[in-house]
file model33.cif (mmCIF, C-alpha atoms)
data_model
#
loop_
_atom_site.label_atom_id
_atom_site.label_comp_id
_atom_site.auth_asym_id
_atom_site.auth_seq_id
_atom_site.Cartn_x
_atom_site.Cartn_y
_atom_site.Cartn_z
CA MET A 1 -36.39 172.27 -28.61
CA GLN A 2 -39.45 173.86 -30.21
CA ASP A 3 -42.95 172.81 -29.21
CA LEU A 4 -44.07 172.75 -32.84
CA LEU A 5 -42.39 172.66 -36.24
CA ILE A 6 -44.59 173.46 -39.22
CA LEU A 7 -43.32 172.36 -42.63
CA GLY A 8 -44.79 174.32 -45.54
CA GLY A 9 -46.05 177.85 -46.23
CA GLY A 10 -49.20 177.36 -48.30
CA PRO A 11 -52.69 178.13 -46.98
CA ALA A 12 -52.47 175.28 -44.46
CA GLY A 13 -49.00 176.20 -43.15
CA VAL A 14 -49.80 179.89 -42.81
CA ALA A 15 -53.14 179.24 -41.08
CA ALA A 16 -51.35 176.87 -38.70
CA GLY A 17 -48.64 179.45 -37.99
CA VAL A 18 -51.16 182.17 -37.17
CA TYR A 19 -53.15 179.92 -34.82
CA ALA A 20 -50.06 178.45 -33.18
CA ALA A 21 -48.71 181.93 -32.45
CA ARG A 22 -52.03 183.08 -31.02
CA LYS A 23 -52.10 179.99 -28.80
CA LYS A 24 -48.54 180.90 -27.71
CA ILE A 25 -47.20 177.53 -28.81
CA LYS A 26 -43.43 177.96 -29.27
CA SER A 27 -43.29 177.35 -33.01
CA ILE A 28 -41.08 177.53 -36.06
CA LEU A 29 -42.18 177.35 -39.69
CA VAL A 30 -39.98 176.26 -42.60
CA THR A 31 -40.97 176.93 -46.19
CA ASP A 32 -39.45 177.53 -49.61
CA SER A 33 -42.32 179.79 -50.68
CA PHE A 34 -45.62 181.25 -49.53
CA GLY A 35 -49.10 180.88 -50.96
CA GLY A 36 -49.12 177.29 -52.19
CA GLN A 37 -50.14 176.17 -55.62
CA SER A 38 -52.62 179.01 -56.20
CA LEU A 39 -49.60 181.33 -56.33
CA VAL A 40 -49.60 181.06 -60.12
CA SER A 41 -53.35 181.53 -60.57
CA ALA A 42 -54.16 184.69 -62.46
CA ASP A 43 -57.49 185.16 -60.73
CA VAL A 44 -58.80 183.39 -57.64
CA GLN A 45 -62.52 183.91 -57.16
CA ASN A 46 -63.37 181.48 -54.39
CA TRP A 47 -61.27 182.79 -51.52
CA ILE A 48 -64.02 183.47 -49.05
CA GLY A 49 -64.22 187.17 -48.25
CA VAL A 50 -62.36 188.21 -51.40
CA LYS A 51 -64.33 188.45 -54.64
CA SER A 52 -61.31 188.33 -56.92
CA ALA A 53 -57.55 188.47 -56.44
CA SER A 54 -54.44 187.12 -58.10
CA GLY A 55 -52.76 184.15 -56.47
CA TYR A 56 -49.66 186.30 -56.07
CA ASP A 57 -51.50 188.99 -54.11
CA LEU A 58 -53.12 186.39 -51.87
CA ALA A 59 -49.72 184.80 -51.27
CA LYS A 60 -48.26 188.16 -50.25
CA LYS A 61 -51.16 188.78 -47.88
CA MET A 62 -50.68 185.34 -46.33
CA GLU A 63 -46.97 185.93 -45.83
CA GLU A 64 -47.67 189.37 -44.32
CA HIS A 65 -50.26 187.92 -41.94
CA LEU A 66 -47.84 185.22 -40.80
CA ARG A 67 -44.92 187.61 -40.38
CA ALA A 68 -47.06 189.79 -38.10
CA GLN A 69 -47.18 186.91 -35.59
CA ASP A 70 -44.79 185.89 -32.88
CA ILE A 71 -43.37 182.89 -34.70
CA GLU A 72 -39.93 182.03 -36.02
CA ILE A 73 -39.86 181.66 -39.82
CA ILE A 74 -37.19 180.04 -41.96
CA ALA A 75 -37.94 181.00 -45.58
CA ASN A 76 -36.21 179.89 -48.81
CA ASP A 77 -35.56 176.48 -47.35
CA LEU A 78 -37.51 173.26 -46.88
CA GLY A 79 -37.57 170.17 -44.72
CA LEU A 80 -35.86 167.20 -46.35
CA ARG A 81 -35.94 164.39 -43.84
CA THR A 82 -37.04 163.63 -40.32
CA GLU A 83 -35.70 161.32 -37.65
CA LYS A 84 -37.28 160.36 -34.38
CA ILE A 85 -35.29 161.61 -31.40
CA ARG A 86 -35.99 161.41 -27.69
CA GLY A 87 -39.02 163.54 -26.87
CA GLY A 88 -39.65 164.60 -30.45
CA PHE A 89 -38.27 164.82 -33.97
CA ARG A 90 -35.22 166.22 -35.74
CA VAL A 91 -35.78 167.69 -39.20
CA THR A 92 -32.88 168.38 -41.55
CA THR A 93 -33.46 171.10 -44.15
CA LYS A 94 -32.22 171.40 -47.71
CA LYS A 95 -29.68 174.00 -46.61
CA GLY A 96 -28.40 171.68 -43.90
CA LYS A 97 -30.04 173.19 -40.81
CA THR A 98 -31.37 170.84 -38.15
CA ILE A 99 -34.44 171.72 -36.14
CA ASP A 100 -35.68 169.79 -33.12
CA ALA A 101 -39.33 169.91 -32.14
CA LYS A 102 -41.66 167.99 -29.88
CA ASN A 103 -44.47 168.01 -32.44
CA LEU A 104 -44.60 168.20 -36.23
CA LEU A 105 -47.27 169.55 -38.54
CA ILE A 106 -46.84 168.60 -42.20
CA THR A 107 -48.43 171.08 -44.62
CA THR A 108 -46.12 170.54 -47.57
CA GLY A 109 -48.89 170.35 -50.18
CA SER A 110 -48.38 168.69 -53.53
CA ARG A 111 -46.53 169.20 -56.76
CA ARG A 112 -47.30 168.67 -60.43
CA LYS A 113 -47.37 165.15 -61.71
CA LYS A 114 -45.24 164.59 -64.79
CA LEU A 115 -46.04 162.43 -67.78
CA GLY A 116 -42.87 160.36 -67.47
CA ILE A 117 -42.53 159.86 -71.22
CA PRO A 118 -39.47 160.32 -73.46
CA GLY A 119 -38.78 163.93 -74.38
CA GLU A 120 -40.62 165.43 -71.42
CA ALA A 121 -37.56 166.21 -69.30
CA GLU A 122 -35.41 167.00 -72.31
CA TYR A 123 -37.82 169.67 -73.55
CA ASP A 124 -38.91 171.02 -70.16
CA GLY A 125 -39.02 174.78 -70.71
CA LYS A 126 -38.34 174.24 -74.40
CA GLY A 127 -41.98 173.79 -75.33
CA VAL A 128 -43.02 171.52 -72.47
CA ALA A 129 -44.74 173.75 -69.92
CA TYR A 130 -46.32 173.30 -66.51
CA CYS A 131 -47.50 176.87 -65.87
CA SER A 132 -50.07 178.01 -68.40
CA THR A 133 -50.66 181.40 -66.76
CA CYS A 134 -46.90 182.08 -67.03
CA ASP A 135 -46.14 180.72 -70.45
CA ALA A 136 -49.35 180.87 -72.53
CA PRO A 137 -48.49 184.28 -74.07
CA ILE A 138 -45.23 182.89 -75.50
CA PHE A 139 -47.25 180.48 -77.64
CA LYS A 140 -48.90 183.23 -79.65
CA ASP A 141 -50.03 181.87 -83.04
CA LYS A 142 -48.62 178.44 -82.16
CA LYS A 143 -50.14 175.00 -82.15
CA VAL A 144 -50.19 173.45 -78.69
CA ALA A 145 -51.40 170.38 -76.83
CA VAL A 146 -52.89 170.34 -73.35
CA ILE A 147 -52.63 166.99 -71.58
CA GLY A 148 -55.39 166.24 -69.07
CA ALA A 149 -59.04 167.28 -69.06
CA GLY A 150 -59.54 167.99 -65.37
CA ASN A 151 -60.07 171.53 -64.11
CA ALA A 152 -56.38 172.36 -64.42
CA GLY A 153 -56.29 171.23 -68.06
CA LEU A 154 -59.45 173.11 -68.95
CA GLU A 155 -58.14 176.26 -67.27
CA ALA A 156 -54.88 175.92 -69.20
CA ILE A 157 -56.97 176.03 -72.36
CA LEU A 158 -58.68 179.21 -71.17
CA ASP A 159 -55.22 180.71 -70.55
CA LEU A 160 -54.11 179.67 -74.05
CA LEU A 161 -57.18 180.76 -76.01
CA PRO A 162 -56.21 184.44 -76.32
CA TYR A 163 -52.88 183.44 -77.87
CA ALA A 164 -52.61 180.00 -79.45
CA LYS A 165 -53.68 179.25 -83.01
CA GLU A 166 -54.90 175.70 -82.36
CA ILE A 167 -55.26 173.78 -79.11
CA TYR A 168 -55.46 169.99 -78.87
CA LEU A 169 -56.78 168.57 -75.63
CA PHE A 170 -55.65 165.03 -74.83
CA GLU A 171 -57.54 162.97 -72.28
CA ARG A 172 -57.02 159.26 -71.60
CA GLY A 173 -60.56 158.80 -70.31
CA GLU A 174 -63.82 158.69 -72.23
CA ALA A 175 -65.07 162.14 -71.28
CA LEU A 176 -63.95 165.56 -70.15
CA LYS A 177 -63.69 166.06 -66.41
CA GLY A 178 -63.60 169.48 -64.79
CA ASP A 179 -66.41 171.93 -64.09
CA MET A 180 -69.31 172.08 -66.57
CA ILE A 181 -69.06 175.88 -66.75
CA THR A 182 -65.47 175.61 -68.03
CA GLN A 183 -66.23 172.65 -70.32
CA GLU A 184 -68.87 174.71 -72.10
CA LYS A 185 -66.49 177.61 -72.64
CA ILE A 186 -63.90 175.46 -74.39
CA LYS A 187 -66.28 173.21 -76.32
CA ASN A 188 -67.75 176.23 -78.08
CA ASP A 189 -64.43 177.39 -79.49
CA PRO A 190 -63.54 176.05 -82.95
CA ARG A 191 -59.81 176.34 -82.18
CA VAL A 192 -60.08 173.63 -79.51
CA LYS A 193 -60.00 170.02 -80.68
CA ILE A 194 -60.67 167.30 -78.15
CA TYR A 195 -58.95 163.92 -78.37
CA LEU A 196 -60.47 161.45 -75.93
CA ARG A 197 -58.99 158.03 -75.15
CA ALA A 198 -55.62 159.30 -76.33
CA ILE A 199 -52.37 158.72 -74.44
CA PRO A 200 -49.18 160.72 -75.07
CA LEU A 201 -46.19 158.45 -75.76
CA GLU A 202 -43.33 160.73 -76.69
CA ILE A 203 -42.54 164.42 -77.03
CA LYS A 204 -40.40 165.14 -80.05
CA GLY A 205 -38.25 168.08 -80.93
CA ASP A 206 -35.08 169.55 -82.23
CA LYS A 207 -33.96 172.58 -80.24
CA LEU A 208 -37.56 173.14 -79.21
CA VAL A 209 -40.62 170.89 -79.20
CA ASN A 210 -41.94 170.12 -82.67
CA GLY A 211 -44.24 167.16 -82.18
CA LEU A 212 -46.11 164.67 -80.07
CA ARG A 213 -46.62 160.96 -80.60
CA TYR A 214 -49.70 159.46 -78.96
CA ARG A 215 -51.70 156.26 -78.84
CA ASN A 216 -55.27 156.39 -80.01
CA LEU A 217 -57.04 153.79 -77.85
CA ALA A 218 -60.02 153.57 -80.22
CA ASP A 219 -58.02 151.62 -82.81
CA ASP A 220 -54.77 151.17 -80.85
CA SER A 221 -52.82 153.13 -83.44
CA SER A 222 -49.76 155.28 -82.77
CA VAL A 223 -50.10 158.74 -84.29
CA GLU A 224 -47.65 161.59 -84.69
CA MET A 225 -48.72 165.21 -84.67
CA GLN A 226 -46.73 168.35 -85.33
CA LEU A 227 -47.00 171.04 -82.69
CA ASP A 228 -44.98 173.68 -80.84
CA GLY A 229 -45.90 173.21 -77.21
CA VAL A 230 -47.20 170.69 -74.66
CA PHE A 231 -48.89 171.86 -71.45
CA VAL A 232 -49.00 169.10 -68.85
CA GLU A 233 -51.95 169.21 -66.43
CA ILE A 234 -52.44 165.66 -65.19
CA GLY A 235 -52.84 166.18 -61.48
CA SER A 236 -50.48 166.25 -58.55
CA ILE A 237 -48.42 164.14 -56.18
CA PRO A 238 -48.23 164.89 -52.45
CA ASN A 239 -44.92 166.19 -51.06
CA THR A 240 -44.43 163.56 -48.37
CA ASP A 241 -40.65 163.20 -48.70
CA PRO A 242 -39.75 164.69 -45.30
CA VAL A 243 -41.84 162.10 -43.39
CA LYS A 244 -42.62 159.30 -45.83
CA ASP A 245 -40.82 156.67 -43.75
CA LEU A 246 -42.50 157.70 -40.50
CA VAL A 247 -46.19 157.94 -41.32
CA LYS A 248 -48.67 155.72 -43.16
CA LEU A 249 -49.51 156.71 -46.72
CA ASN A 250 -52.44 155.58 -48.88
CA GLU A 251 -52.21 154.13 -52.42
CA PHE A 252 -51.93 157.66 -53.86
CA GLY A 253 -49.01 158.49 -51.57
CA GLU A 254 -51.14 160.80 -49.43
CA ILE A 255 -50.69 160.91 -45.66
CA ILE A 256 -53.53 159.07 -43.97
CA ILE A 257 -55.01 161.22 -41.24
CA ASN A 258 -57.74 161.08 -38.66
CA HIS A 259 -60.15 163.59 -40.19
CA LYS A 260 -61.41 164.72 -36.80
CA THR A 261 -58.00 165.60 -35.35
CA GLN A 262 -55.59 165.65 -38.36
CA ARG A 263 -53.35 163.17 -36.54
CA THR A 264 -51.20 160.85 -38.66
CA SER A 265 -50.36 157.24 -37.82
CA LYS A 266 -47.29 158.45 -35.89
CA ALA A 267 -47.85 160.01 -32.48
CA GLY A 268 -46.53 163.59 -32.48
CA ILE A 269 -47.03 164.15 -36.22
CA TRP A 270 -50.07 165.93 -37.63
CA ALA A 271 -50.79 166.83 -41.26
CA ALA A 272 -53.19 169.13 -43.12
CA GLY A 273 -53.99 170.25 -46.66
CA ASP A 274 -53.19 168.70 -50.03
CA VAL A 275 -50.48 166.41 -48.62
CA THR A 276 -53.18 164.42 -46.77
CA ASP A 277 -55.91 162.04 -47.88
CA VAL A 278 -58.50 164.82 -47.53
CA LEU A 279 -61.07 164.25 -50.27
CA TYR A 280 -61.27 167.83 -51.57
CA LYS A 281 -58.09 169.79 -52.28
CA GLN A 282 -59.13 173.40 -51.72
CA ASN A 283 -57.42 176.46 -50.21
CA ASN A 284 -60.32 177.13 -47.84
CA ILE A 285 -60.39 173.51 -46.67
CA SER A 286 -56.61 173.35 -46.18
CA MET A 287 -56.74 176.38 -43.91
CA GLY A 288 -59.59 174.98 -41.83
CA ASP A 289 -57.91 171.59 -41.52
CA ALA A 290 -54.66 173.21 -40.41
CA VAL A 291 -56.55 175.12 -37.72
CA LYS A 292 -58.07 171.84 -36.54
CA ALA A 293 -54.58 170.36 -36.35
CA VAL A 294 -53.18 173.24 -34.27
CA LEU A 295 -56.11 173.18 -31.85
CA ASN A 296 -55.61 169.45 -31.42
CA ILE A 297 -51.87 169.92 -30.91
CA TYR A 298 -52.64 172.61 -28.32
CA ASP A 299 -55.00 170.28 -26.47
CA ASN A 300 -52.40 167.55 -26.63
CA ILE A 301 -49.61 169.74 -25.24
CA ASN A 302 -51.78 170.96 -22.36
CA LYS A 303 -53.02 167.52 -21.43
CA LYS A 304 -49.50 166.43 -20.57
CA MET B 305 -17.14 199.38 -51.37
CA THR B 306 -19.31 199.35 -54.45
CA THR B 307 -19.19 196.66 -57.08
CA PRO B 308 -19.53 197.72 -60.72
CA LYS B 309 -23.15 197.78 -61.82
CA LYS B 310 -24.27 194.73 -63.75
CA LYS B 311 -26.56 194.85 -66.75
CA VAL B 312 -29.79 193.03 -65.94
CA ILE B 313 -32.42 192.06 -68.51
CA ILE B 314 -35.60 190.15 -67.72
CA TYR B 315 -37.78 188.50 -70.35
CA SER B 316 -41.29 188.20 -68.98
CA THR B 317 -45.01 187.94 -69.62
CA PRO B 318 -47.64 190.06 -67.86
CA THR B 319 -49.28 187.02 -66.25
CA CYS B 320 -46.14 185.31 -64.97
CA VAL B 321 -45.94 185.35 -61.20
CA TYR B 322 -42.29 184.27 -61.03
CA CYS B 323 -41.48 187.27 -63.24
CA LYS B 324 -43.29 189.50 -60.73
CA MET B 325 -41.32 187.92 -57.89
CA ALA B 326 -38.06 188.51 -59.72
CA LYS B 327 -38.96 192.16 -60.42
CA ASP B 328 -40.03 192.66 -56.78
CA PHE B 329 -36.68 191.19 -55.79
CA PHE B 330 -34.80 193.62 -58.06
CA GLN B 331 -36.76 196.59 -56.73
CA LYS B 332 -36.29 195.58 -53.10
CA ASN B 333 -32.54 195.34 -53.64
CA GLY B 334 -32.24 198.50 -55.74
CA ILE B 335 -31.22 196.64 -58.90
CA GLU B 336 -31.88 198.44 -62.19
CA TYR B 337 -33.20 196.22 -64.95
CA THR B 338 -34.58 196.25 -68.46
CA GLU B 339 -37.79 194.35 -69.07
CA HIS B 340 -38.96 192.78 -72.32
CA ASP B 341 -42.56 191.59 -72.52
CA VAL B 342 -42.27 188.57 -74.81
CA ALA B 343 -46.05 188.31 -75.09
CA ILE B 344 -46.07 191.37 -77.37
CA ASP B 345 -42.43 191.85 -78.36
CA LEU B 346 -41.79 189.03 -80.81
CA LYS B 347 -38.23 190.16 -81.49
CA ALA B 348 -37.48 189.85 -77.79
CA ARG B 349 -39.09 186.42 -77.80
CA GLU B 350 -36.69 185.28 -80.53
CA GLU B 351 -33.79 186.84 -78.64
CA MET B 352 -34.82 185.02 -75.46
CA VAL B 353 -35.06 181.66 -77.22
CA GLU B 354 -31.72 182.24 -78.92
CA LYS B 355 -29.95 183.23 -75.69
CA SER B 356 -31.43 180.58 -73.43
CA GLY B 357 -32.80 177.84 -75.66
CA GLN B 358 -35.91 178.25 -73.52
CA LEU B 359 -39.54 178.78 -74.27
CA GLY B 360 -40.54 179.67 -70.74
CA VAL B 361 -40.41 182.76 -68.56
CA PRO B 362 -38.78 184.37 -66.72
CA VAL B 363 -35.41 184.33 -68.44
CA ILE B 364 -32.93 186.61 -66.70
CA ASP B 365 -29.73 187.86 -68.30
CA ILE B 366 -27.11 189.23 -65.89
CA ASP B 367 -24.10 190.49 -67.87
CA GLY B 368 -24.64 187.70 -70.38
CA GLU B 369 -25.13 184.98 -67.79
CA ILE B 370 -28.52 183.40 -68.38
CA THR B 371 -30.82 181.94 -65.75
CA VAL B 372 -34.27 180.50 -66.16
CA GLY B 373 -36.92 180.84 -63.46
CA PHE B 374 -36.78 182.75 -60.18
CA ASP B 375 -34.23 181.59 -57.64
CA PRO B 376 -33.58 184.26 -54.99
CA ASP B 377 -30.41 182.57 -53.72
CA HIS B 378 -28.94 182.44 -57.19
CA LEU B 379 -29.81 186.10 -57.90
CA THR B 380 -28.36 187.22 -54.57
CA HIS B 381 -25.13 185.51 -55.49
CA ALA B 382 -25.04 186.55 -59.16
CA LEU B 383 -25.74 190.20 -58.32
CA GLY B 384 -23.38 190.27 -55.36
CA ILE B 385 -26.12 191.40 -52.96
CA LYS B 386 -25.07 191.49 -49.32
CA SER B 387 -27.80 190.01 -47.18
#

call {"tool": "encode", "arguments": {"input": "model33.cif", "output": "structure tokens"}}
result
Amino acid sequence: MQDLLILGGGPAGVAAGVYAARKKIKSILVTDSFGGQSLVSADVQNWIGVKSASGYDLAKKMEEHLRAQDIEIIANDLGLRTEKIRGGFRVTTKKGKTIDAKNLLITTGSRRKKLGIPGEAEYDGKGVAYCSTCDAPIFKDKKVAVIGAGNAGLEAILDLLPYAKEIYLFERGEALKGDMITQEKIKNDPRVKIYLRAIPLEIKGDKLVNGLRYRNLADDSSVEMQLDGVFVEIGSIPNTDPVKDLVKLNEFGEIIINHKTQRTSKAGIWAAGDVTDVLYKQNNISMGDAVKAVLNIYDNINKK
Amino acid sequence: MTTPKKKVIIYSTPTCVYCKMAKDFFQKNGIEYTEHDVAIDLKAREEMVEKSGQLGVPVIDIDGEITVGFDPDHLTHALGIKS
């Protein structure tokens, strides 16, 4: 039985792995990928100590740092479910492995929220896109919609501006969210049209996307618009599946933690990063919180 | 024993990280491939949409078998790579 099983290989998981190894806690880390959600960012400028780097390069550096430690790593797999066993927990992975550990640290992050409207799944990859850095160049001279006016939505517009002919930003609220500095950049471009209080109802298409139907809340009308692509940027949902029946979650499905120790409601399970109810979802914060978790786990192991 | 070489084509964009991962994977495993940048090569973009029905990268063509996205397990299997 391991002393510690870490689920996830984003900033939190990797930071936890490095600290656990240095504390000589007998640990194992399971992840399907390294680097977390910033992996797809073209340019990360707020990683402290690095002025500018691609998410991919940062991910490779994180993986390299982790692999230099004395820690067992199971890559290309992920934890699916957890059961309580005597003296610890048993986690079953997607590929059918079982791992027993006395303590668990959940750093599984979050994934993109979907619209859940007709046509979205049908046209996924056929005009419906979730990765603007990846797919923006394919929409050269096309007419596209971006759903969601938070930072992710605004950044999707910045990714699209060098390519798309017209960009329609849909936001259900009354105003743009996201950083002022980005808002100004997109507001000044005549190719960007902003539709506030507008809710997408259906994505239409033939072989590929050719339209979007939405509700205009101002007069409660249903409007159809012709376009070639829909980029969905409406936030994220925490990846709590492996432990959702064991620990307490809040109304957003985030794991409730003690913010001093990163402990969850279940003794023996800690959590850090975007999967938790931490107020600010940031790479730098996830790493620090994971370090807090490991130090608390270390104290807990040595108290016994 | 060597298996006959398969023809590998990847349709990509310069900013797509999963394309980079796929290309890194090919290089690490000594797989030769042809790359089409669909951000500038509009003919290749049409070809990609026609082959895959997809408007998303990467699209990978291995001897006519099309996959979308980067899945190392699938590529290992499709290319007959011994791990």

call {"tool": "closest_residue", "arguments": {"input": "model33.cif", "among": "A:Leu196, A:Ile237, A:Ile48, A:Ala129", "to": "chain B", "atoms": "all atoms listed in the file"}}
result
A:Ala129

call {"tool": "interface_residues", "arguments": {"input": "model33.cif", "of": "chain A", "to": "chain B", "cutoff": "12 Å", "atoms": "only C-alpha atoms", "output": "ChimeraX atom specification"}}
result
/A:32-35,37-43,54-60,75-77,95,122-141,159-160,162-164,206-209,228-231

call {"tool": "write_last_selection", "arguments": {"input": "model33.cif", "atoms": "C-alpha atoms", "output": "compact mmCIF listing (two decimals), in the frame of the given file"}}
result
# COMPACT_ATOMS: atom_id res chain seq x y z
CA ASP A 32 -39.45 177.53 -49.61
CA SER A 33 -42.32 179.79 -50.68
CA PHE A 34 -45.62 181.25 -49.53
CA GLY A 35 -49.10 180.88 -50.96
CA GLN A 37 -50.14 176.17 -55.62
CA SER A 38 -52.62 179.01 -56.20
CA LEU A 39 -49.60 181.33 -56.33
CA VAL A 40 -49.60 181.06 -60.12
CA SER A 41 -53.35 181.53 -60.57
CA ALA A 42 -54.16 184.69 -62.46
CA ASP A 43 -57.49 185.16 -60.73
CA SER A 54 -54.44 187.12 -58.10
CA GLY A 55 -52.76 184.15 -56.47
CA TYR A 56 -49.66 186.30 -56.07
CA ASP A 57 -51.50 188.99 -54.11
CA LEU A 58 -53.12 186.39 -51.87
CA ALA A 59 -49.72 184.80 -51.27
CA LYS A 60 -48.26 188.16 -50.25
CA ALA A 75 -37.94 181.00 -45.58
CA ASN A 76 -36.21 179.89 -48.81
CA ASP A 77 -35.56 176.48 -47.35
CA LYS A 95 -29.68 174.00 -46.61
CA GLU A 122 -35.41 167.00 -72.31
CA TYR A 123 -37.82 169.67 -73.55
CA ASP A 124 -38.91 171.02 -70.16
CA GLY A 125 -39.02 174.78 -70.71
CA LYS A 126 -38.34 174.24 -74.40
CA GLY A 127 -41.98 173.79 -75.33
CA VAL A 128 -43.02 171.52 -72.47
CA ALA A 129 -44.74 173.75 -69.92
CA TYR A 130 -46.32 173.30 -66.51
CA CYS A 131 -47.50 176.87 -65.87
CA SER A 132 -50.07 178.01 -68.40
CA THR A 133 -50.66 181.40 -66.76
CA CYS A 134 -46.90 182.08 -67.03
CA ASP A 135 -46.14 180.72 -70.45
CA ALA A 136 -49.35 180.87 -72.53
CA PRO A 137 -48.49 184.28 -74.07
CA ILE A 138 -45.23 182.89 -75.50
CA PHE A 139 -47.25 180.48 -77.64
CA LYS A 140 -48.90 183.23 -79.65
CA ASP A 141 -50.03 181.87 -83.04
CA ASP A 159 -55.22 180.71 -70.55
CA LEU A 160 -54.11 179.67 -74.05
CA PRO A 162 -56.21 184.44 -76.32
CA TYR A 163 -52.88 183.44 -77.87
CA ALA A 164 -52.61 180.00 -79.45
CA ASP A 206 -35.08 169.55 -82.23
CA LYS A 207 -33.96 172.58 -80.24
CA LEU A 208 -37.56 173.14 -79.21
CA VAL A 209 -40.62 170.89 -79.20
CA ASP A 228 -44.98 173.68 -80.84
CA GLY A 229 -45.90 173.21 -77.21
CA VAL A 230 -47.20 170.69 -74.66
CA PHE A 231 -48.89 171.86 -71.45

call {"tool": "closest_residue", "arguments": {"input": "model33.cif", "among": "B:Tyr315, B:Lys309, B:Glu351, B:Asp328", "to": "Ala382 of chain B", "atoms": "all atoms listed in the file"}}
result
B:Lys309

call {"tool": "atom_distance", "arguments": {"input": "model33.cif", "atom1": "atom CA of Lys260 of chain A", "atom2": "atom CA of Leu66 of chain A"}}
result
24.9 Å

call {"tool": "atom_distance", "arguments": {"input": "model33.cif", "atom1": "atom CA of Glu251 of chain A", "atom2": "atom CA of Thr108 of chain A"}}
result
18.2 Å

call {"tool": "residues_near_point", "arguments": {"input": "model33.cif", "point": "(-65.8, 171.8, -73.5)", "cutoff": "12 Å", "atoms": "only C-alpha atoms", "output": "PyMOL selection string"}}
result
chain A and resi 149-151+153-155+157-158+168-169+175-196

call {"tool": "resolve_selection", "arguments": {"input": "model33.cif", "expression": "the PyMOL selection byres ((chain A and resi 274) around 10)", "output": "JSON, numbers by chain"}}
result
{"A": [10, 11, 12, 36, 37, 107, 108, 109, 110, 111, 236, 237, 238, 239, 254, 255, 271, 272, 273, 275, 276, 277, 278, 279, 280, 281, 282, 283, 285, 286]}

call {"tool": "atom_distance", "arguments": {"input": "model33.cif", "atom1": "atom CA of Ser52 of chain A", "atom2": "atom CA of Ala145 of chain A"}}
result
28.6 Å

call {"tool": "resolve_selection", "arguments": {"input": "model33.cif", "expression": "the PyMOL selection byres ((chain A and resi 20) around 10)", "output": "PDB file with C-alpha atoms, keeping the file's coordinate frame"}}
result
ATOM      1  CA  ASP A   3     -42.950 172.810 -29.210  1.00  0.00           C
ATOM      2  CA  LEU A   4     -44.070 172.750 -32.840  1.00  0.00           C
ATOM      3  CA  ILE A   6     -44.590 173.460 -39.220  1.00  0.00           C
ATOM      4  CA  VAL A  14     -49.800 179.890 -42.810  1.00  0.00           C
ATOM      5  CA  ALA A  15     -53.140 179.240 -41.080  1.00  0.00           C
ATOM      6  CA  ALA A  16     -51.350 176.870 -38.700  1.00  0.00           C
ATOM      7  CA  GLY A  17     -48.640 179.450 -37.990  1.00  0.00           C
ATOM      8  CA  VAL A  18     -51.160 182.170 -37.170  1.00  0.00           C
ATOM      9  CA  TYR A  19     -53.150 179.920 -34.820  1.00  0.00           C
ATOM     10  CA  ALA A  21     -48.710 181.930 -32.450  1.00  0.00           C
ATOM     11  CA  ARG A  22     -52.030 183.080 -31.020  1.00  0.00           C
ATOM     12  CA  LYS A  23     -52.100 179.990 -28.800  1.00  0.00           C
ATOM     13  CA  LYS A  24     -48.540 180.900 -27.710  1.00  0.00           C
ATOM     14  CA  ILE A  25     -47.200 177.530 -28.810  1.00  0.00           C
ATOM     15  CA  LYS A  26     -43.430 177.960 -29.270  1.00  0.00           C
ATOM     16  CA  SER A  27     -43.290 177.350 -33.010  1.00  0.00           C
ATOM     17  CA  ILE A  28     -41.080 177.530 -36.060  1.00  0.00           C
ATOM     18  CA  GLN A  69     -47.180 186.910 -35.590  1.00  0.00           C
ATOM     19  CA  ASP A  70     -44.790 185.890 -32.880  1.00  0.00           C
ATOM     20  CA  ILE A  71     -43.370 182.890 -34.700  1.00  0.00           C
ATOM     21  CA  VAL A 291     -56.550 175.120 -37.720  1.00  0.00           C
ATOM     22  CA  ALA A 293     -54.580 170.360 -36.350  1.00  0.00           C
ATOM     23  CA  VAL A 294     -53.180 173.240 -34.270  1.00  0.00           C
ATOM     24  CA  LEU A 295     -56.110 173.180 -31.850  1.00  0.00           C
ATOM     25  CA  ILE A 297     -51.870 169.920 -30.910  1.00  0.00           C
ATOM     26  CA  TYR A 298     -52.640 172.610 -28.320  1.00  0.00           C
TER      27      TYR A 298
END

call {"tool": "residues_around", "arguments": {"input": "model33.cif", "residues": "Lys327 of chain B", "least_positions_apart": "5", "cutoff": "10 Å", "atoms": "only C-alpha atoms", "output": "NGL selection string"}}
result
:B and (314 or 316 or 321-322 or 332-333 or 335-337 or 339 or 374)

call {"tool": "write_last_selection", "arguments": {"input": "model33.cif", "atoms": "C-alpha atoms", "output": "compact mmCIF listing (two decimals), keeping the file's coordinate frame"}}
result
# COMPACT_ATOMS: atom_id res chain seq x y z
CA ILE B 314 -35.60 190.15 -67.72
CA SER B 316 -41.29 188.20 -68.98
CA VAL B 321 -45.94 185.35 -61.20
CA TYR B 322 -42.29 184.27 -61.03
CA LYS B 332 -36.29 195.58 -53.10
CA ASN B 333 -32.54 195.34 -53.64
CA ILE B 335 -31.22 196.64 -58.90
CA GLU B 336 -31.88 198.44 -62.19
CA TYR B 337 -33.20 196.22 -64.95
CA GLU B 339 -37.79 194.35 -69.07
CA PHE B 374 -36.78 182.75 -60.18

call {"tool": "axis_aligned_box", "arguments": {"input": "model33.cif", "around": "segment 344-361 of chain B", "padding_each_side": "4 Å", "output": "JSON"}}
result
{"center_x": -38.0, "center_y": 184.8, "center_z": -75.0, "size_x": 24.1, "size_y": 22.0, "size_z": 20.9}
